[in-house]
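Trainee: Next comes the structure file target_3.cif, holding mmCIF, C-alpha atoms.
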```
data_target
loop_
_atom_site.group_PDB
_atom_site.id
_atom_site.type_symbol
_atom_site.label_atom_id
_atom_site.label_comp_id
_atom_site.auth_asym_id
_atom_site.auth_seq_id
_atom_site.Cartn_x
_atom_site.Cartn_y
_atom_site.Cartn_z
ATOM 1 C CA MET N 77 26.337 16.346 -9.992
ATOM 2 C CA LYS N 78 28.720 16.792 -12.919
ATOM 3 C CA THR N 79 27.686 15.416 -16.274
ATOM 4 C CA ASP N 80 30.549 12.952 -16.519
ATOM 5 C CA ASP N 81 29.828 11.687 -13.000
ATOM 6 C CA LEU N 82 26.216 11.210 -13.988
ATOM 7 C CA ASP N 83 27.274 9.320 -17.105
ATOM 8 C CA ARG N 84 29.584 7.094 -15.085
ATOM 9 C CA LEU N 85 26.828 6.461 -12.528
ATOM 10 C CA ARG N 86 24.384 5.499 -15.259
ATOM 11 C CA ALA N 87 26.944 3.183 -16.813
ATOM 12 C CA ALA N 88 27.595 1.536 -13.444
ATOM 13 C CA LEU N 89 23.884 1.144 -12.790
ATOM 14 C CA ARG N 90 23.231 -0.426 -16.184
ATOM 15 C CA ARG N 91 26.200 -2.704 -15.949
ATOM 16 C CA GLY N 92 24.922 -3.996 -12.617
ATOM 17 C CA ASP N 93 21.205 -3.855 -13.450
ATOM 18 C CA PRO N 94 19.633 -6.458 -11.111
ATOM 19 C CA ALA N 95 16.972 -7.282 -13.689
ATOM 20 C CA ALA N 96 19.594 -8.226 -16.271
ATOM 21 C CA ASP N 97 20.530 -11.474 -14.582
ATOM 22 C CA GLY N 98 18.403 -13.540 -16.965
ATOM 23 C CA ARG N 99 16.286 -14.914 -14.120
ATOM 24 C CA GLU N 100 12.934 -13.705 -15.401
ATOM 25 C CA PRO N 101 10.115 -16.180 -14.820
ATOM 26 C CA ASP N 102 9.744 -18.526 -17.797
ATOM 27 C CA ALA N 103 6.571 -18.946 -19.816
ATOM 28 C CA GLY N 104 5.462 -21.993 -17.808
ATOM 29 C CA ASP N 105 5.815 -20.156 -14.507
ATOM 30 C CA LEU N 106 3.890 -17.214 -15.867
ATOM 31 C CA ARG N 107 1.065 -19.400 -17.171
ATOM 32 C CA LEU N 108 0.825 -21.114 -13.790
ATOM 33 C CA LEU N 109 0.853 -17.777 -11.985
ATOM 34 C CA ARG N 110 -1.866 -16.417 -14.259
ATOM 35 C CA GLU N 111 -4.060 -19.495 -13.764
ATOM 36 C CA ARG N 112 -3.670 -19.359 -9.993
ATOM 37 C CA LEU N 113 -4.534 -15.691 -9.980
ATOM 38 C CA LEU N 114 -7.687 -16.170 -12.026
ATOM 39 C CA GLU N 115 -8.736 -19.199 -9.951
ATOM 40 C CA SER N 116 -8.250 -17.248 -6.772
ATOM 41 C CA ALA N 117 -10.266 -14.338 -8.134
ATOM 42 C CA ALA N 118 -13.053 -16.671 -9.284
ATOM 43 C CA ALA N 119 -13.138 -18.419 -5.892
ATOM 44 C CA ARG N 120 -13.481 -15.060 -4.203
ATOM 45 C CA ARG N 121 -16.464 -14.151 -6.339
ATOM 46 C CA ARG N 122 -18.318 -17.446 -5.703
ATOM 47 C CA PRO N 123 -21.305 -16.729 -3.466
ATOM 48 C CA ALA N 124 -20.911 -18.148 0.009
ATOM 49 C CA PRO N 125 -23.664 -20.433 1.324
ATOM 50 C CA PRO N 126 -26.215 -18.490 3.347
ATOM 51 C CA ALA N 127 -25.346 -18.736 6.989
ATOM 52 C CA ARG N 128 -27.438 -17.908 9.984
ATOM 53 C CA PRO N 129 -26.161 -14.826 11.688
ATOM 54 C CA ARG N 130 -23.698 -16.013 14.298
ATOM 55 C CA ALA N 131 -24.811 -13.439 16.831
ATOM 56 C CA LEU N 132 -28.240 -15.059 17.058
ATOM 57 C CA ARG N 133 -27.027 -18.609 17.742
ATOM 58 C CA PRO N 134 -26.069 -18.118 21.423
ATOM 59 C CA ALA N 135 -29.347 -16.283 22.035
ATOM 60 C CA PHE N 136 -31.314 -19.193 20.573
ATOM 61 C CA ALA N 137 -29.360 -21.696 22.678
ATOM 62 C CA ALA N 138 -29.958 -19.699 25.867
ATOM 63 C CA ALA N 139 -33.662 -19.374 25.131
ATOM 64 C CA ALA N 140 -33.991 -23.092 24.423
ATOM 65 C CA ALA N 141 -32.174 -23.997 27.657
ATOM 66 C CA THR N 142 -34.364 -21.616 29.688
ATOM 67 C CA ALA N 143 -37.521 -23.044 28.131
ATOM 68 C CA ALA N 144 -36.405 -26.609 28.885
ATOM 69 C CA VAL N 145 -35.688 -25.753 32.534
ATOM 70 C CA LEU N 146 -39.067 -24.014 32.875
ATOM 71 C CA VAL N 147 -40.943 -26.980 31.410
ATOM 72 C CA LEU N 148 -39.124 -29.409 33.714
ATOM 73 C CA THR N 149 -39.775 -27.251 36.783
ATOM 74 C CA LEU N 150 -43.445 -26.861 35.957
ATOM 75 C CA GLY N 151 -43.749 -30.571 35.289
ATOM 76 C CA LEU N 152 -42.142 -31.431 38.621
ATOM 77 C CA ALA N 153 -44.285 -28.925 40.478
ATOM 78 C CA VAL N 154 -47.468 -30.270 38.950
ATOM 79 C CA ALA N 155 -46.421 -33.843 39.671
ATOM 80 C CA LEU N 156 -45.617 -32.976 43.281
ATOM 81 C CA GLN N 157 -48.927 -31.207 43.773
ATOM 82 C CA LEU N 158 -50.742 -34.141 42.284
ATOM 83 C CA HIS N 159 -48.852 -36.511 44.552
ATOM 84 C CA ARG N 160 -49.776 -34.513 47.657
ATOM 85 C CA ALA N 161 -53.381 -34.174 46.570
ATOM 86 C CA VAL N 162 -53.632 -37.922 46.063
ATOM 87 C CA ASP N 163 -52.059 -38.610 49.442
ATOM 88 C CA ARG N 164 -54.626 -36.409 51.146
ATOM 89 C CA PRO N 165 -57.673 -36.037 48.971
ATOM 90 C CA PRO N 166 -60.031 -33.174 49.792
ATOM 91 C CA GLY N 167 -62.640 -34.185 52.291
ATOM 92 C CA SER N 168 -60.596 -37.034 53.572
ATOM 93 C CA GLU N 169 -59.131 -35.125 56.456
ATOM 94 C CA ARG N 170 -60.062 -36.832 59.546
ATOM 95 C CA SER N 171 -60.140 -35.627 63.104
ATOM 96 C CA GLY N 172 -57.528 -36.799 65.533
ATOM 97 C CA GLU N 173 -59.911 -39.275 67.053
ATOM 98 C CA GLU N 174 -60.910 -40.720 63.735
ATOM 99 C CA ALA N 175 -57.301 -40.959 62.751
ATOM 100 C CA ALA N 176 -56.477 -42.699 65.979
ATOM 101 C CA ALA N 177 -59.373 -45.033 65.494
ATOM 102 C CA GLY N 178 -58.264 -45.744 61.999
ATOM 103 C CA ALA N 179 -54.802 -46.458 63.237
ATOM 104 C CA LEU N 180 -56.170 -48.859 65.789
ATOM 105 C CA GLY N 181 -58.015 -50.973 63.310
ATOM 106 C CA ALA N 182 -60.889 -49.248 61.638
ATOM 107 C CA GLY N 183 -58.597 -48.178 58.811
ATOM 108 C CA ALA N 184 -57.405 -51.710 58.406
ATOM 109 C CA GLU N 185 -60.850 -52.681 57.185
ATOM 110 C CA THR N 186 -60.688 -50.298 54.244
ATOM 111 C CA PRO N 187 -57.791 -51.480 52.077
ATOM 112 C CA ARG N 188 -56.194 -48.854 49.888
ATOM 113 C CA GLN N 189 -55.183 -49.310 46.280
ATOM 114 C CA GLN N 190 -52.178 -47.723 44.626
ATOM 115 C CA ILE N 191 -51.458 -47.055 40.999
ATOM 116 C CA GLN N 192 -47.829 -46.310 40.281
ATOM 117 C CA PHE N 193 -46.324 -45.281 37.003
ATOM 118 C CA THR N 194 -43.413 -43.319 35.630
ATOM 119 C CA THR N 195 -43.757 -40.492 33.122
ATOM 120 C CA PRO N 196 -41.479 -40.405 30.047
ATOM 121 C CA GLY N 197 -39.570 -37.627 31.798
ATOM 122 C CA GLY N 198 -38.748 -39.959 34.693
ATOM 123 C CA THR N 199 -41.204 -38.620 37.278
ATOM 124 C CA ARG N 200 -42.636 -41.349 39.386
ATOM 125 C CA ILE N 201 -46.373 -40.924 39.943
ATOM 126 C CA VAL N 202 -48.128 -42.748 42.759
ATOM 127 C CA TRP N 203 -51.902 -42.581 42.972
ATOM 128 C CA VAL N 204 -53.440 -43.847 46.181
ATOM 129 C CA LEU N 205 -57.090 -44.730 45.823
ATOM 130 C CA TYR N 206 -59.227 -44.667 48.973
ATOM 131 C CA PRO N 207 -62.438 -46.604 48.954
ATOM 132 C CA GLU N 208 -65.533 -44.644 49.867
ATOM 133 C CA PRO N 209 -65.937 -44.629 53.626
ATOM 134 C CA PRO N 210 -68.799 -46.760 54.902
ATOM 135 C CA VAL N 211 -71.921 -44.822 55.616
ATOM 136 C CA HIS N 212 -73.153 -45.315 59.111
ATOM 137 C CA PRO N 213 -76.803 -44.502 59.616
ATOM 138 C CA MET M 280 15.575 0.037 -22.621
ATOM 139 C CA VAL M 281 12.296 1.888 -22.240
ATOM 140 C CA GLN M 282 9.480 -0.589 -21.998
ATOM 141 C CA ALA M 283 6.373 1.174 -23.118
ATOM 142 C CA ILE M 284 3.230 0.322 -21.235
ATOM 143 C CA ARG M 285 1.481 -1.986 -23.639
ATOM 144 C CA PRO M 286 -2.084 -1.177 -24.527
ATOM 145 C CA VAL M 287 -4.493 -3.434 -22.757
ATOM 146 C CA GLU M 288 -7.032 -5.203 -24.908
ATOM 147 C CA THR M 289 -10.329 -3.787 -23.786
ATOM 148 C CA PRO M 290 -11.840 -6.545 -21.694
ATOM 149 C CA ARG M 291 -15.556 -6.999 -21.260
ATOM 150 C CA ALA M 292 -16.563 -4.754 -18.423
ATOM 151 C CA ASP M 293 -18.848 -7.428 -16.965
ATOM 152 C CA ASP M 294 -16.169 -10.107 -16.806
ATOM 153 C CA PRO M 295 -13.685 -9.487 -13.976
ATOM 154 C CA SER M 296 -11.604 -12.540 -14.928
ATOM 155 C CA GLU M 297 -11.006 -11.219 -18.413
ATOM 156 C CA ARG M 298 -10.066 -7.827 -17.061
ATOM 157 C CA LEU M 299 -7.687 -9.321 -14.524
ATOM 158 C CA GLY M 300 -6.131 -11.545 -17.184
ATOM 159 C CA ALA M 301 -5.663 -8.557 -19.472
ATOM 160 C CA LEU M 302 -4.038 -6.551 -16.683
ATOM 161 C CA PHE M 303 -1.702 -9.436 -15.925
ATOM 162 C CA ASP M 304 -0.693 -9.861 -19.574
ATOM 163 C CA ALA M 305 -0.070 -6.153 -20.018
ATOM 164 C CA HIS M 306 1.811 -5.350 -16.825
ATOM 165 C CA GLN M 307 3.397 -8.410 -15.247
ATOM 166 C CA ALA M 308 6.740 -8.208 -17.092
ATOM 167 C CA ARG M 309 7.176 -4.520 -16.333
ATOM 168 C CA LEU M 310 6.159 -4.974 -12.694
ATOM 169 C CA TYR M 311 8.487 -7.943 -12.304
ATOM 170 C CA ARG M 312 11.453 -5.916 -13.568
ATOM 171 C CA LEU M 313 10.548 -3.067 -11.235
ATOM 172 C CA ALA M 314 10.224 -5.434 -8.269
ATOM 173 C CA ARG M 315 13.457 -7.202 -9.211
ATOM 174 C CA ARG M 316 15.334 -3.915 -9.285
ATOM 175 C CA MET M 317 13.738 -2.780 -6.054
ATOM 176 C CA LEU M 318 14.242 -5.993 -4.079
ATOM 177 C CA SER M 319 17.434 -7.623 -5.382
ATOM 178 C CA ASP M 320 15.876 -11.043 -5.013
ATOM 179 C CA ALA M 321 14.259 -12.859 -7.911
ATOM 180 C CA GLU M 322 11.990 -15.057 -5.796
ATOM 181 C CA GLU M 323 10.857 -12.174 -3.624
ATOM 182 C CA ALA M 324 10.159 -10.149 -6.740
ATOM 183 C CA ARG M 325 8.013 -12.899 -8.223
ATOM 184 C CA ASP M 326 6.029 -13.326 -4.997
ATOM 185 C CA LEU M 327 5.564 -9.607 -4.771
ATOM 186 C CA VAL M 328 4.155 -9.320 -8.296
ATOM 187 C CA GLN M 329 1.768 -12.153 -7.529
ATOM 188 C CA GLU M 330 0.678 -10.347 -4.366
ATOM 189 C CA ALA M 331 0.150 -7.145 -6.337
ATOM 190 C CA PHE M 332 -2.170 -8.908 -8.782
ATOM 191 C CA LEU M 333 -4.003 -10.640 -5.937
ATOM 192 C CA ARG M 334 -4.653 -7.218 -4.483
ATOM 193 C CA ALA M 335 -5.926 -6.114 -7.855
ATOM 194 C CA ALA M 336 -8.243 -9.146 -7.867
ATOM 195 C CA ARG M 337 -9.525 -8.281 -4.418
ATOM 196 C CA HIS M 338 -10.091 -4.630 -5.254
ATOM 197 C CA LEU M 339 -10.780 -4.812 -8.953
ATOM 198 C CA GLY M 340 -13.405 -2.122 -8.622
ATOM 199 C CA SER M 341 -10.818 0.377 -7.420
ATOM 200 C CA VAL M 342 -8.351 -0.304 -10.256
ATOM 201 C CA PRO M 343 -8.847 2.552 -12.721
ATOM 202 C CA ALA M 344 -10.450 1.467 -15.953
ATOM 203 C CA ASP M 345 -8.061 3.424 -18.156
ATOM 204 C CA GLU M 346 -4.716 1.967 -19.110
ATOM 205 C CA VAL M 347 -2.498 4.678 -17.632
ATOM 206 C CA GLY M 348 -4.460 4.783 -14.393
ATOM 207 C CA ALA M 349 -4.280 0.999 -14.038
ATOM 208 C CA ALA M 350 -0.515 1.052 -14.668
ATOM 209 C CA ALA M 351 -0.066 3.719 -12.001
ATOM 210 C CA TRP M 352 -2.285 1.833 -9.541
ATOM 211 C CA LEU M 353 -0.307 -1.364 -9.963
ATOM 212 C CA THR M 354 3.042 0.463 -9.790
ATOM 213 C CA ARG M 355 2.089 2.084 -6.522
ATOM 214 C CA VAL M 356 0.995 -1.282 -5.102
ATOM 215 C CA VAL M 357 4.357 -2.788 -6.054
ATOM 216 C CA VAL M 358 6.287 0.096 -4.500
ATOM 217 C CA ASN M 359 4.225 -0.149 -1.308
ATOM 218 C CA LEU M 360 4.730 -3.906 -1.131
ATOM 219 C CA CYS M 361 8.464 -3.387 -1.677
ATOM 220 C CA ARG M 362 8.480 -1.007 1.240
ATOM 221 C CA ASP M 363 6.756 -3.587 3.465
ATOM 222 C CA ARG M 364 9.091 -6.388 2.408
ATOM 223 C CA GLY M 365 12.082 -4.103 2.650
ATOM 224 C CA ARG M 366 11.515 -3.914 6.377
ATOM 225 C CA ARG M 367 11.732 -7.682 6.617
ATOM 226 C CA LEU M 368 14.851 -7.792 4.492
ATOM 227 C CA GLU M 369 16.542 -5.066 6.494
ATOM 228 C CA VAL M 370 18.526 -7.516 8.594
ATOM 229 C CA ARG M 371 19.780 -9.336 5.524
ATOM 230 C CA ARG M 372 20.673 -6.060 3.885
ATOM 231 C CA ARG M 373 22.655 -4.860 6.852
ATOM 232 C CA ALA M 374 24.526 -8.131 6.957
ATOM 233 C CA ALA M 375 25.532 -7.595 3.342
ATOM 234 C CA ALA M 376 26.200 -3.897 3.643
ATOM 235 C CA THR M 377 29.805 -4.100 2.535
ATOM 236 C CA VAL M 378 29.687 -2.080 -0.640
ATOM 237 C CA LEU M 379 31.777 -3.216 -3.542
ATOM 238 C CA ARG M 380 32.470 -0.553 -6.110
ATOM 239 C CA PRO M 381 32.038 -2.118 -9.534
ATOM 240 C CA ALA M 382 34.871 -0.063 -10.948
ATOM 241 C CA GLU M 383 37.130 -1.540 -8.277
ATOM 242 C CA ALA M 384 36.099 -5.065 -9.109
ATOM 243 C CA ALA M 385 37.569 -7.098 -11.905
ATOM 244 C CA PRO M 386 37.924 -4.748 -14.869
ATOM 245 C CA ASP M 387 36.853 -7.216 -17.550
ATOM 246 C CA SER M 388 33.226 -7.732 -18.544
ATOM 247 C CA GLY M 389 33.084 -11.464 -17.869
ATOM 248 C CA PRO M 390 30.273 -13.124 -15.948
ATOM 249 C CA GLU M 391 32.134 -12.861 -12.660
ATOM 250 C CA SER M 392 32.731 -9.158 -13.107
ATOM 251 C CA ARG M 393 29.098 -8.634 -14.056
ATOM 252 C CA ALA M 394 27.951 -10.545 -10.986
ATOM 253 C CA VAL M 395 30.112 -8.321 -8.793
ATOM 254 C CA ALA M 396 28.730 -5.220 -10.494
ATOM 255 C CA ARG M 397 25.170 -6.474 -10.027
ATOM 256 C CA ARG M 398 25.752 -7.217 -6.367
ATOM 257 C CA ALA M 399 27.197 -3.733 -5.873
ATOM 258 C CA VAL M 400 24.216 -2.082 -7.554
ATOM 259 C CA GLU M 401 21.726 -4.227 -5.628
ATOM 260 C CA THR M 402 23.373 -3.343 -2.340
ATOM 261 C CA ALA M 403 23.593 0.343 -3.194
ATOM 262 C CA LEU M 404 19.948 0.487 -4.334
ATOM 263 C CA ALA M 405 18.857 -1.340 -1.205
ATOM 264 C CA THR M 406 20.234 1.450 0.952
ATOM 265 C CA LEU M 407 17.832 3.978 -0.594
ATOM 266 C CA PRO M 408 14.389 4.508 0.911
ATOM 267 C CA PRO M 409 11.782 2.618 -1.165
ATOM 268 C CA ARG M 410 10.170 5.606 -2.849
ATOM 269 C CA ARG M 411 13.531 7.127 -3.754
ATOM 270 C CA ARG M 412 14.683 3.748 -5.004
ATOM 271 C CA ALA M 413 11.583 3.508 -7.189
ATOM 272 C CA VAL M 414 12.248 6.960 -8.652
ATOM 273 C CA VAL M 415 15.884 6.112 -9.433
ATOM 274 C CA VAL M 416 15.018 2.728 -10.929
ATOM 275 C CA LEU M 417 12.235 4.134 -13.082
ATOM 276 C CA HIS M 418 14.368 7.001 -14.349
ATOM 277 C CA GLU M 419 17.896 5.601 -14.604
ATOM 278 C CA LEU M 420 17.183 1.983 -15.464
ATOM 279 C CA GLU M 421 13.795 2.145 -17.178
ATOM 280 C CA GLU M 422 14.484 5.590 -18.669
ATOM 281 C CA ARG M 423 11.048 6.927 -17.901
ATOM 282 C CA PRO M 424 10.644 10.718 -17.940
ATOM 283 C CA VAL M 425 10.019 12.623 -14.728
ATOM 284 C CA ALA M 426 6.441 13.452 -15.689
ATOM 285 C CA GLU M 427 5.561 9.798 -16.180
ATOM 286 C CA ILE M 428 7.217 8.793 -12.911
ATOM 287 C CA ALA M 429 5.246 11.489 -11.124
ATOM 288 C CA ARG M 430 2.046 10.089 -12.614
ATOM 289 C CA LEU M 431 2.952 6.471 -11.854
ATOM 290 C CA LEU M 432 3.867 7.123 -8.242
ATOM 291 C CA GLY M 433 1.312 9.831 -7.578
ATOM 292 C CA LEU M 434 3.969 12.429 -6.722
ATOM 293 C CA ALA M 435 4.575 16.029 -7.734
ATOM 294 C CA ARG M 436 7.265 16.465 -10.397
ATOM 295 C CA VAL M 437 9.362 18.539 -8.066
ATOM 296 C CA THR M 438 9.290 15.718 -5.534
ATOM 297 C CA VAL M 439 10.408 13.246 -8.182
ATOM 298 C CA ARG M 440 13.323 15.527 -9.129
ATOM 299 C CA TRP M 441 14.277 15.931 -5.493
ATOM 300 C CA HIS M 442 14.282 12.149 -4.911
ATOM 301 C CA LEU M 443 16.248 11.684 -8.123
ATOM 302 C CA ALA M 444 18.955 14.154 -7.147
ATOM 303 C CA ALA M 445 19.289 12.734 -3.651
ATOM 304 C CA GLY M 446 19.315 9.156 -4.950
ATOM 305 C CA ARG M 447 21.963 9.886 -7.567
ATOM 306 C CA LYS M 448 24.182 11.563 -5.006
ATOM 307 C CA ASP M 449 23.897 8.630 -2.611
ATOM 308 C CA LEU M 450 24.466 6.032 -5.330
ATOM 309 C CA ALA M 451 27.466 7.910 -6.750
ATOM 310 C CA ALA M 452 29.039 7.971 -3.306
ATOM 311 C CA ARG M 453 28.617 4.217 -3.085
ATOM 312 C CA LEU M 454 29.281 3.099 -6.630
ATOM 313 C CA LEU M 455 31.814 5.456 -8.216
ATOM 314 C CA PRO M 456 35.545 5.312 -7.480
ATOM 315 C CA GLY M 457 36.467 8.021 -5.021
ATOM 316 C CA GLY M 458 32.972 8.002 -3.564
ATOM 317 C CA SER M 459 33.028 9.338 -0.040
ATOM 318 C CA HIS M 460 30.239 7.232 1.495
ATOM 319 C CA GLU M 461 31.252 5.217 4.516
ATOM 320 C CA ASP M 462 29.112 2.457 6.035
#
```
Represent the structure contained in this file as structure tokens.

Mentor:
Amino acid sequence: MKTDDLDRLRAALRRGDPAADGREPDAGDLRLLRERLLESAAARRRPAPPARPRALRPAFAAAAATAAVLVLTLGLAVALQLHRAVDRPPGSERSGEEAAAGALGAGAETPRQQIQFTTPGGTRIVWVLYPEPPVHP
Amino acid sequence: MVQAIRPVETPRADDPSERLGALFDAHQARLYRLARRMLSDAEEARDLVQEAFLRAARHLGSVPADEVGAAAWLTRVVVNLCRDRGRRLEVRRRAAATVLRPAEAAPDSGPESRAVARRAVETALATLPPRRRAVVVLHELEERPVAEIARLLGLARVTVRWHLAAGRKDLAARLLPGGSHED
């Protein structure tokens, strides 16, 4: 580029310098900008509250749910077993004849007692109490 | 016209706020002028300078401790941000791509003539790639020597000279009477 062209280019650039439009931020704007910048930097440096690792939370929830289901299942199973055992206590099995006899009237002489209650979990427990069978010499 | 990089008051090394404040006080005016010349939009330039300092706040540890290194770091951030924003402003720039040659505008030096000249320079600068635009602005408008521009932008001197020559040629074609550039 020739020297006079370069001079003319420089003159044109300076005459139309975009930064010479007098629109520089005023002192108030600059102070505000500076304050915001420092506040933002300070906020970034503030220590965050300790948080539990997020990855562990779903694992804990799954484990808790599994444990709850297990406890409920075990509770129900135990209650059911107990219920069956009470309905037919060991040693109370009778032969077909005895059962038939009982059904015909002998059983009617030995009234049964029941205790019913409900556990806090909602399981209904029924205990049937058989009186001791009469001893026949 | 040359705005020397003002010495930064040595802030306490253990106080990031003081360091950031000192960087802002020392460099914001220079960075604003650079952004204003690069972007042709006062509001965009102000936002961009704010973004540059927010980046400095986020990565204060990577801002060089020495004055010249910090100036170069911030200059490069501004040029990179200009490049990113330039992509967004591309549509606007194309819409306003009609180049007015200042010498063909009103010959007097009144406010209207100056506004036309400014618009012509803004439009012509906007057609340069961001790095080339930064080189031209720093050399022709801020009158910084090639060696300093190379240091500020992290370029080899020969690269700066190459960008300068190409930028001048392109601008002359757009701004000088008899320029042969056609849009």

Trainee: Can you turn the PyMOL selection byres ((chain M) within 9 of (chain N)) into a concrete residue list for this file, as a PyMOL selection string?

Mentor: chain M and resi 295-297+299-300+303-304+307-308+311-321+325+329+332-333+336-337+381-382+393-401+419-420+444+447-448+450-451+454-455

Trainee: Listed atoms of segment 342-347 of chain M, axis-aligned box, 5 Å per side: centre and edge lengths to one decimal in Å, as JSON?

Mentor:
```
{"center_x": -6.5, "center_y": 2.2, "center_z": -14.7, "size_x": 18.0, "size_y": 15.0, "size_z": 18.9}
```

Trainee: Quick one, how far is atom CA of Thr402 of chain M from atom CA of Leu434 of chain M?

Mentor: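 A separation of 25.4 Å between them.
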
Trainee: Using Å and a single decimal, report how far atom CA of Ala141 of chain N sits from atom CA of Ala155 of chain N.

Mentor: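 A separation of 21.1 Å between them.
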
Trainee: Would you mind telling me which residue in M:Leu310, M:Cys361, M:Ala350, M:Leu302 lies nearest to Glu323 of chain M when using only C-alpha atoms?

Mentor: M:Cys361

Trainee: Give me the result of the PyMOL selection byres ((chain N and resi 188) around 6) on this file, residue by residue, as an mmCIF file with C-alpha atoms, keeping the file's coordinate frame.

Mentor:
```cif
data_model
loop_
_atom_site.group_PDB
_atom_site.id
_atom_site.type_symbol
_atom_site.label_atom_id
_atom_site.label_comp_id
_atom_site.auth_asym_id
_atom_site.auth_seq_id
_atom_site.Cartn_x
_atom_site.Cartn_y
_atom_site.Cartn_z
ATOM 1 C CA PRO N 187 -57.791 -51.480 52.077
ATOM 2 C CA GLN N 189 -55.183 -49.310 46.280
ATOM 3 C CA LEU N 205 -57.090 -44.730 45.823
ATOM 4 C CA TYR N 206 -59.227 -44.667 48.973
#
```

Trainee: What does the distance between atom CA of Thr406 of chain M and atom CA of Ala351 of chain M come to in Å, to one decimal place?

Mentor: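 For atom CA of Thr406 of chain M relative to atom CA of Ala351 of chain M, the distance reads 24.2 Å.
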
Trainee: Of the residues N:Ala119, N:Ile201, N:Ala138, N:Ile191, which is the one nearest to Leu158 of chain N, using all atoms listed in the file?

Mentor: N:Ile201

Trainee: Excluding Val437 of chain M and residues on its chain fewer than 6 positions from it, collect all residues at most 10 Å away from it, counting all atoms listed in the file, and give them as a list in words.

Mentor: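 My reading of the contact set: Val425, Ala426, Ala429 and Leu443 of chain M.
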
Trainee: For C-alpha atoms, I'd like the residues from the last selection saved as a compact mmCIF listing (two decimals), in the frame of the given file.

Mentor:
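Wrote it out as again.txt, contents follow:
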```
# COMPACT_ATOMS: atom_id res chain seq x y z
CA VAL M 425 10.02 12.62 -14.73
CA ALA M 426 6.44 13.45 -15.69
CA ALA M 429 5.25 11.49 -11.12
CA LEU M 443 16.25 11.68 -8.12
```

Trainee: Using all atoms listed in the file for the distances, tell me which of M:Thr354, M:Asp294, M:Val439, M:Arg453 is nearest to Ala405 of chain M.

Mentor: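 Checking each of M:Thr354, M:Asp294, M:Val439, M:Arg453 against Ala405 of chain M, counting all atoms listed in the file, the winner is M:Arg453.
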
Trainee: Calculated over all atoms listed in the file, which of the candidates M:Ala331, M:Ile428, M:Arg309, M:His418 has the smallest distance to Val356 of chain M?

Mentor: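 Once distances to Val356 of chain M are computed over all atoms listed in the file, the minimum belongs to M:Ala331.
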